[in-house]
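See structure below.
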Amino acid sequence: MKAKKTVTMLLVFMFVALLLTGCSSSSNAPKADSGGKTDKKVVAMVPKVMGSPYFDTCAEGAKKVAAEFGFEFLYTGPTTADAAQQVNIIQDLINKKVDVLIVAANDAQSVAPALKKAKAAGIKVMTYDADSTPDARDLFINQTTPEILGRHIMDNVAKEIGGSGEYAILTASLTASNQNVWIKWMKEQQAAKYPNITLVTIAPSEEDQQKAFAQTQNLVKAYPNLKGIAALSTVAEPGAAQAIEQLNVIGKIKLVGLATPNGMRQYLKSGAAQSATLWDVGKLGYLSMYMAKQLIDGKTPTDGMDVPTVGKVAYKADNKEIIMGEPLDFTKENVDTFNF
Amino acid sequence: MIGIKRSHELILLLFFIGLIIIMSLLAPSFLTINNLLSVTQQMSEFGILALGVTVIIITSGIDLSVGSIAGLTTIVIAMSYGWSGSLVAAILLGILAGALCGAFNGVLIAKIGVPPMLVTLGTMTFFNGIALVLSKGNAISDFPEEFYFAGQGYLFGNIPVQTVIFLVLAILTSLLLSKTPWGRRVYAVGNNSVAAVFSGVQVDKVLLYVYIFAGIMAAISGWIISSRVSTARADLGAVYLMQSIAATVLGGTNIAGGSGTIFGTVIGVSVFAVLANGLNLIGVSPFAQNLLMGLALIVVLLISNMSIIKRKITIFIKLNFN
């Protein structure tokens with residue numbers, strides 16, 4: 001008697017669960033599992049972490065073009081930026097037999113074995129935003145290169161301070177490899193194009209907004225002729241902007257740097273910062289999906305090829321890498337059109 | 001007592017079978033040999049963690065540091081391989097490190113008498129801190145090809161190596177608990193530690209070994225994770241902590257101690273693994289997956305405690321309405 005009741009209860013729960021899963025995925029469930037009959041190509045995009053505005057904006061861009069091409073678009077990833085969890089999801093997608101896999105690797109080495117397995121199973125494998133090892137994928141969609149970014153930031157500095165004068169760099173930490181490469185290219189660009197501009201110092205902010213705030217205060221006091229600051233991390237620029245507001249040197253000291261529009265919106269509007277630079281994340285998603293189509297069609301990308309809405313992109317055949325190209329400046333005028 | 005436990009395992013087993021049926025209906029690629037094998041591959045890591053956690057919870061303890069121990073192990077293995085060049089020595093050192101971490105927990109809990117929750121809350125951060133200091137927060141990934149065997153290799157064609165390791169460890173743990181005097185003492189301590197003392201059980205010794213055992217399991221789990229993802233990192237294993245505790249409780253181990261079986265834990269682990277894999281195949285968003293997993297846990301626990309709940313309701317009705 002009791003056992004019977006229990007079984008009934010269980011069946012009821014199963015039924016409810018069935019309904020629940022059925023509802024939550026009714027839009028894509030029947031077609032999504034390509035173990036069966038449809039010939040619609042399934043493209044799966046796996047970000048470093050779900051629920052990040054950066055990656056979600058990217059997925060929006062990808063989704064749009066996937067619909068245009070008539071692809072089934074799947075967007076799934078780990079709920080924390082965890083490499084082990086990401087590998088599990090990639091494995092499941094391999095078993096699901098998707099046609100293309102586009103992954104932003106949490107760790108270049110960690111995802112490599114799973115991606116190689118996907119390749120062996122006949123899946124086209126791409127990486128975007130953060131690469132795996134080159135032998136684990138067919139194509140890497142790179143947003144930009146350190147050279148392009150470094151030269152671009154230097155141009156921004158020159159544009160704001162007017163071709164001559166002193167400027168300082170606020171970096172992440174003095175040993176941060178990304179920042180050091182960018183700084184190297186900034187110096188090259190300065191030497192080549194702006195002989196009248198001098199770099200007075202490179203100050204570390206240790207990826208800490210509070211530290212960036214304090215360092216900026218020191219810079220302003222230590223260098224009375226300072227005309228500009230280039231802040232090279234997503235927390236350094238907001239920190240520097242706060243200091244500029246507080247010291248009331250808005251307009252006297254120009255601020256450019258690398259940061260997200262959401263992080264810089266209020267400072268761009270108050271005039272404490274002139275620009276923040278990153279890339280158009282939505283276009284990165286668009287470009288990834290466009291290249292997925294190329295791979296499905298069996299086409300090899302070419303250097304300088306023209307991609308609709310993205311423009312000309314570079315292709316490095318030796319590393320099978322696409323470079324989207326010019327970064328994007330967020331300013332007072334355009335910052336409200338971006339949300340990441 | 002035994003009767004109640006058995007019925008919980010039966011309910012869970014029915015639930016598990018129902019789950020498999022639903023998944024195979026909704027996702028055609030679920031019920032394929034390759035997919036099922038990769039489910040067992042995915043569950044092995046936190047399954048092995050759960051084996052240690054089960055033994056601890058049976059003694060009415062808890063261990064929040066197992067995830068950190070797994071992470072620390074990956075770093076110890078990577079670094080000691082770096083300066084010794086011997087993979088076997090490195091893995092043994094890693095497992096030794098796990099045992100030492102467990103012993104550290106055990107001494108504080110058994111000899112000094114600090115509550116397990118407090119001790120392991122502290123050592124969770126402490127062990128993770130050691131791993132972060134040793135690795136300077138970096139991922140280490142210069143392992144030789146042979147290291148990948150445990151996490152990426154296959155036996156007999158297509159059976160994942162870690163599945164076999166998990167099965168062997170599960171059977172060993174089950175035998176330890178049910179067939180040895182040590183196993184009986186573990187249950188005795190969990191049932192009533194005062195009574196255990198008066199029955200001649202050296203409670204502190206039993207507890208010490210229990211935490212060492214969990215430390216070793218965590219170390220083996222860490223070794224497999226780092227082999228699967230080809231990297232050593234301080235935070236590997238952290239995501240499995242709560243999952244392994246949840247799977248243990250789902251498997252019928254009484255959180256107040258005294259009862260629980262490895263068989264139940266293995267089913268509990270399988271339920272979570274099948275849910276995660278099946279929902280991925282169906283295309284349910286990972287956020288909704290957490291919701292469904294939590295719901296499954298609550299429902300199974302409610303059903304298996306139905307008799308108690310019913311009794312409470314009857315008493316409530318009697319007191320208020322008669």
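Residue numbering restarts at 1 in every chain; chains get A, B, ... in the order shown in the structure tokens, and ligands count up from 1 in that same order.
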
With 6 Å as the cut-off and only C-alpha atoms counted, what is the closest atom pair between each nearby residue of chain B and chain A? Distances in Å to one decimal, ordered by chain and number, as a tab-separated table.
residue	atom	partner	partner_atom	distance
B:Pro28	CA	A:Gly35	CA	5.6
B:Ser29	CA	A:Gly35	CA	5.2
B:Asn35	CA	A:Asn95	CA	5.7
B:Val229	CA	A:Ser110	CA	4.1
B:Ser230	CA	A:Ser110	CA	5.3
B:Thr231	CA	A:Ser110	CA	5.9
B:Leu281	CA	A:Lys96	CA	5.9
B:Ile282	CA	A:Ala29	CA	5.7
B:Val284	CA	A:Ser25	CA	5.8

Just write the chosen residues, C-alpha atoms, as a PDB file, in the first residue's frame.
ATOM      1  CA  PRO B  28      17.883  10.696 -28.732  1.00  0.00           C
ATOM      2  CA  SER B  29      21.650  10.835 -28.282  1.00  0.00           C
ATOM      3  CA  ASN B  35      27.362   9.233 -24.127  1.00  0.00           C
ATOM      4  CA  VAL B 229      42.098  19.080 -18.020  1.00  0.00           C
ATOM      5  CA  SER B 230      45.908  18.811 -18.504  1.00  0.00           C
ATOM      6  CA  THR B 231      46.454  21.591 -15.970  1.00  0.00           C
ATOM      7  CA  LEU B 281      21.773  17.380 -24.463  1.00  0.00           C
ATOM      8  CA  ILE B 282      18.208  18.660 -24.401  1.00  0.00           C
ATOM      9  CA  VAL B 284      18.265  23.480 -21.126  1.00  0.00           C
TER      10      VAL B 284
END

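For Asn262 of chain A, the list of residues within 7 Å, based on only C-alpha atoms and with local chain neighbours fewer than 2 positions off taken out, reads Thr260, Met264, Arg265, Asn339 and Phe340 of chain A.
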
List the spatial neighbours of Gly278 of chain B as a list in words - criterion: any atom at most 8 Å away, only C-alpha atoms, same-chain residues fewer than 5 positions off excluded.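 Once the adjacent positions are removed, what remains is Met23, Ala27 and Phe30 of chain B.
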
d(atom CA of Gly47 of chain B, atom CA of Ile109 of chain B) in Å: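 Taking atom CA of Gly47 of chain B and atom CA of Ile109 of chain B, their separation equals 24.3 Å.
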
Identify which of the residues A:Tyr315, A:Phe71, A:Phe330, A:Phe140 lies closest to Ser275 of chain A, counting only C-alpha atoms when measuring atom-to-atom distances.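 Answer, going by the shortest atom-to-atom distance: A:Phe330.
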
Please, which residues of segment 77-194 of chain A, numbered as in this document, come out alpha helix (DSSP H) from DSSP, as a PyMOL selection string? chain A and resi 83-95+108-120+146-161+177-193

Selection: 10 Å around segment 293-299 of chain A, only C-alpha atoms, excl. self and same-chain fewer than 5 positions, as a ChimeraX atom specification: /A:41,43,65-66,69,71,99-100,123-126,138-139,287-288

Show me, as a ChimeraX atom specification, the residues that have an atom within 7 Å of Asp129 of chain A when counting only C-alpha atoms, minus same-chain residues fewer than 3 positions from it. /A:104,141-143

Please produce a file of those selected residues containing C-alpha atoms, as an mmCIF file, in the first residue's frame.
data_model
loop_
_atom_site.group_PDB
_atom_site.id
_atom_site.type_symbol
_atom_site.label_atom_id
_atom_site.label_comp_id
_atom_site.auth_asym_id
_atom_site.auth_seq_id
_atom_site.Cartn_x
_atom_site.Cartn_y
_atom_site.Cartn_z
ATOM 1 C CA ALA A 104 36.219 30.874 -25.518
ATOM 2 C CA ILE A 141 38.676 34.465 -34.123
ATOM 3 C CA ASN A 142 40.898 37.069 -32.492
ATOM 4 C CA GLN A 143 39.411 40.455 -31.639
#

So, with only C-alpha atoms as the atoms that count, which of B:Ala78, B:Ala196, B:Leu275, B:Ile224 lies closest to Ile21 of chain B? B:Leu275

The residue from B:Ala218, B:Leu134, B:Val299, B:Val266 with the smallest atom-to-atom distance to Leu236 of chain B, counting only C-alpha atoms, is B:Ala218

Please, what distance in Å, to one decimal, runs between atom CA of Gly263 of chain A and atom CA of Glu237 of chain A? 8.6 Å

Separation of atom CA of Leu328 of chain A from atom CA of Pro53 of chain A, in Å and rounded to one decimal: 17.0 Å

Residues at most 10 Å from Pro261 of chain A, counting only C-alpha atoms, excluding those fewer than 5 positions away in the same chain, as a list in words?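 Near Pro261 of chain A, the qualifying residues are Thr234, Gln266, Tyr267, Leu268, Ser275, Ala276, Thr277, Leu278, Asp329, Phe330, Thr331, Lys332, Asn334, Val335, Asp336, Thr337, Phe338, Asn339 and Phe340 of chain A.
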
For Gly264 of chain B, list every protein, DNA or RNA residue within 10 Å, evaluated using only C-alpha atoms, and leave out those in the same chain fewer than 4 positions away; present the list as an NGL selection string. :B and (5-6 or 8-10 or 12-13 or 54 or 247-253 or 260 or 268-270)

Would you return as a compact mmCIF listing (two decimals) with N, CA and C atoms, in the first residue's frame the members of segment 74-207 of chain B that DSSP assigns to strand (DSSP E) on this structure's backbone?
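Contents of states.txt, freshly written:
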# COMPACT_ATOMS: atom_id res chain seq x y z
N TYR B 154 41.74 5.41 -22.01
CA TYR B 154 40.65 4.44 -22.07
C TYR B 154 41.19 3.04 -21.89
N LEU B 155 40.41 2.19 -21.22
CA LEU B 155 40.77 0.79 -21.08
C LEU B 155 39.80 -0.03 -21.93
N ILE B 159 36.40 2.33 -22.40
CA ILE B 159 35.98 2.58 -21.02
C ILE B 159 36.96 3.56 -20.37
N PRO B 160 36.45 4.74 -19.94
CA PRO B 160 37.36 5.75 -19.39
C PRO B 160 38.09 5.22 -18.15
